[in-house]
Amino acid sequence: MSSSAVPPLDSRASDPRQTGVPARPSRLGSAGATTVLALLAPLLAGAAGWRAGLPPQFGGMFGVWLSVLCSPLFLGLLGAELLGWALWSLRSSPWGERALYLAPAAVLLGGIAATLGPGAERIGLIFVCAVLVVWLTYLLQHVYRHKQLAAASMRYVLEVTVAMVVVSAGWLLWTLDGSPVLWAASPIVVVAVQARALGRLRHPGEAVPWLLHPGWATQLLLYTFLTEFFLGAVLDLEIAGRGFLQFIPFLPVAGSGIAQAGLTAYDGLWFGAAILASAWFLVAIGATMGGLVVLRLPEVHVPAQRYRMVLMLGVFALAVVYVPSLASSTPIVSNRTLASLPVIGWGFGLRSGGPFESGIFLAVLVMYASVGVLTVLFGRKALCSVMCGAALMYQGTTMHEMRQFNQTTPVGRYFLGSRLSSAYVVASSLALVSLFAVSVLSLLHRLPTVQVASGQYDTSALPLPIELYFGGLWFAMFVSTPYVGTYNCATTGVCHWGALSIPFTKVSFYRLRVKDRSVCQRCTTFDCAKACPVGLVDMPLHFRARGEFRSAKCCGVGDCVGACPYGNLYDQDVRSWVGRAVARLSRRSPAIPLPMVGGPSPSSPPTEAAPRTG
């Protein structure tokens with residue numbers, strides 16, 4: 001194999017039109033032959049040392065093959081082969097690029113522990129999960145750093161992430177019901193992906209900006225999310241134990257075919273909602289997206305924004321992962337201390353983890369009053385940029401780069417600007433009305449249980465719409481970021497916290513201000529609007545006319561402040577007002593730095609300004 005055998009995952013990929021080599025698609029036959037050859041030796045080794053340890057339902061020749069594919073000899077030899085492929089093919093490439101190809105081999109080698117007993121299985125599981133989380137973080141960061149990718153590289157990125165979905169899903173099925181079929185097939189999928197990469201290696205194709213391909217970016221987010229979902233489910237079952245399932249209100253599957261299909265879908269929805277709200281899934285997805293936030297910190301030039309991002313990381317770890325995990329580890333109804341906390345005992349202030357108590361409406365009022373107070377004092381920054389988990393998901397390097405989709409996709413362009421469109425009003429109204437309706441319906445636990453089909457439908461099922469709203473719907477919108485834009489929970493109005501805070505933004509202390517309006521009037525770059533992750537493209541017009549900008553959609557991320565090449569923009573909240581009041585009482589004028597220190601003169605229009613993206 002030559003050093004050009006594996007396509008480089010960066011913008012240095014050669015253009016076939018420049019090299020004189022005609023571009024032609026890779027042949028599946030060649031990739032298939034390579035796959036068979038790669039599997040031959042591991043299969044023979046596994047067959048020589050296989051041992052029957054599978055459930056009784058997998059007998060006969062099929063059971064023998066499953067035993068071979070799940071044997072330590074097969075996985076070990078196959079992982080060693082993939083390791084050798086990557087090291088030899090990329091021997092002249094930097095180690096950063098090799099890491100993307102070494103991860104599949106590390107996953108197969110770590111999977112050996114799954115065949116060595118319960119104790120070793122947990123060690124192998126933690127190792128594989130750690131490898132996949134780090135690898136997904138590095139993959140997303142690599143995509144961010146290389147704005148252009150060769151066609152072969154773009155296909156490989158999607159195919160290898162699909163292979164990781166198969167690996168994690170196979171492990172989940174094996175843990176959940178003892179079925180090793182998908183897990184046994186996952187090494188073959190991994191080898192086939194690597195073989196296809198070797199087959200298209202000499203003709204990587206022309207490098208193109210991946211931001212011009214929202215479909216590709218959506219698939220990348222989807223496969224990343226699915227991998228994290230299955231990993232979180234496996235960790236929940238392995239570490240928290242199967243007792244984790246007892247908190248899910250499953251219904252027995254019985255009755256006619258249609259009834260069974262409906263009940264199975266119902267149980268599946270509950271299982272998915274429970275995993276999306278579980279601590280280990282949030283740890284996995286938070287480690288990946290939080291890693292991207294940490295990687296972005298050196299690029300942020302505004303100290304206040306860096307402090308906010310660090311605070312955001314701490315809030316996610318404490319309020320989104322750690323504290324709720326305390327409540328989910330024991331039935332809330334039996335723990336009065338936890339049940340008395342509105343954020344834990346009553347999820348989002350709208351339903352309880354157990355039966356409602358008489359003080360539920362007081363708890364709801366306290367929570368919503370708190371939202372109003374925080375919005376008045378700090379704007380939506382306190383919620384949308386610090387306390388909400390969405391802030392962590394959208395403010396990492398790769399997701400931050402996807403803010404360009406706000407202005408390039410039809411749906412994103414529709415929601416541009418500070419104007420509350422009719423679709424925004426409808427979406428926010430439906431969010432508030434539906435969630436309050438579920439809150440009222442959940443009080444029906446005082447009535448006799450209602451019989452539905454062959455199962456029972458009581459108040460334990462009523463929170464399901466909320467779980468789907470804050471779990472399924474939110475993550476569906478996150479995956480669809482390349483078609484809807486970043487922070488789409490805020491831009492489209494589906495977030496009920498945002499809808500609730502709209503009236504309070506009218507009297508909030510928070511707003512964006514400029515130090516010199518004439519600078520904005522002469523500005524031709526509009527970097528502040530380009531950097532906005534919410535798509536508030538009309539803010540320059542407000543700066544020019546009034547010198548300040550306040551919008552119900554503004555989440556207070558602060559990217560616009562750091563993007564201004566003249567240092568002319570700053571945000572203020574109640575702390576600024578308190579500082580001015582103290583200055584007036586002490587008869588001192590607050591020092592406001594001149595906007596153009598170290599920059600162009602305000603008397604001349606900025607022409608050659610170098611925008612800052614941080």
# chains A, B, ... in the order shown; residues from 1 in each chain; ligands from 1

call {"tool": "residues_around", "arguments": {"residues": "region 403-409 of chain A", "least_positions_apart": "5", "cutoff": "7 Å", "atoms": "only C-alpha atoms", "output": "PyMOL selection string"}}
result
chain A and resi 482-486+533+535

call {"tool": "write_last_selection", "arguments": {"atoms": "N, CA, C and O atoms", "output": "compact mmCIF listing (two decimals), in the first residue's frame"}}
result
# COMPACT_ATOMS: atom_id res chain seq x y z
N PRO A 482 -28.82 22.06 10.15
CA PRO A 482 -28.44 22.54 8.82
C PRO A 482 -29.60 22.98 7.94
O PRO A 482 -29.38 23.59 6.90
N TYR A 483 -30.83 22.66 8.34
CA TYR A 483 -32.00 23.10 7.57
C TYR A 483 -32.81 24.18 8.28
O TYR A 483 -33.60 24.88 7.66
N VAL A 484 -32.63 24.31 9.61
CA VAL A 484 -33.41 25.27 10.39
C VAL A 484 -32.53 26.36 10.97
O VAL A 484 -33.00 27.46 11.25
N GLY A 485 -31.24 26.10 11.12
CA GLY A 485 -30.34 27.07 11.70
C GLY A 485 -30.03 26.75 13.16
O GLY A 485 -30.73 25.97 13.81
N THR A 486 -28.98 27.37 13.68
CA THR A 486 -28.62 27.15 15.07
C THR A 486 -29.58 27.87 16.01
O THR A 486 -30.28 28.80 15.62
N PRO A 533 -25.81 33.83 16.32
CA PRO A 533 -26.31 32.46 16.14
C PRO A 533 -27.82 32.37 16.09
O PRO A 533 -28.36 31.29 15.86
N GLY A 535 -29.56 34.70 14.18
CA GLY A 535 -29.95 35.29 12.90
C GLY A 535 -30.58 36.65 13.01
O GLY A 535 -31.47 36.99 12.20

call {"tool": "residues_around", "arguments": {"residues": "region 393-396 of chain A", "least_positions_apart": "5", "cutoff": "7 Å", "atoms": "only C-alpha atoms", "output": "ChimeraX atom specification"}}
result
/A:289-290,292-293,296,486-487

call {"tool": "residues_around", "arguments": {"residues": "Thr375 (chain A)", "least_positions_apart": "5", "cutoff": "9 Å", "atoms": "only C-alpha atoms", "output": "JSON, numbers by chain"}}
result
{"A": [370, 380, 381, 382, 383, 501, 502, 504, 505, 507, 508, 509, 510]}

call {"tool": "residues_around", "arguments": {"residues": "Leu83 (chain A)", "least_positions_apart": "3", "cutoff": "9 Å", "atoms": "only C-alpha atoms", "output": "ChimeraX atom specification"}}
result
/A:78-80,86-88,101-106

call {"tool": "closest_residue", "arguments": {"among": "A:Glu548, A:Glu228, A:Glu206, A:Asp538", "to": "Val167 (chain A)", "atoms": "only C-alpha atoms"}}
result
A:Glu228

call {"tool": "select_by_dssp", "arguments": {"residues": "region 89-307 of chain A", "states": "alpha helix (DSSP H)", "output": "PyMOL selection string"}}
result
chain A and resi 89+95-110+118-145+151-177+181-199+214-235+257-276+279-296+303-307
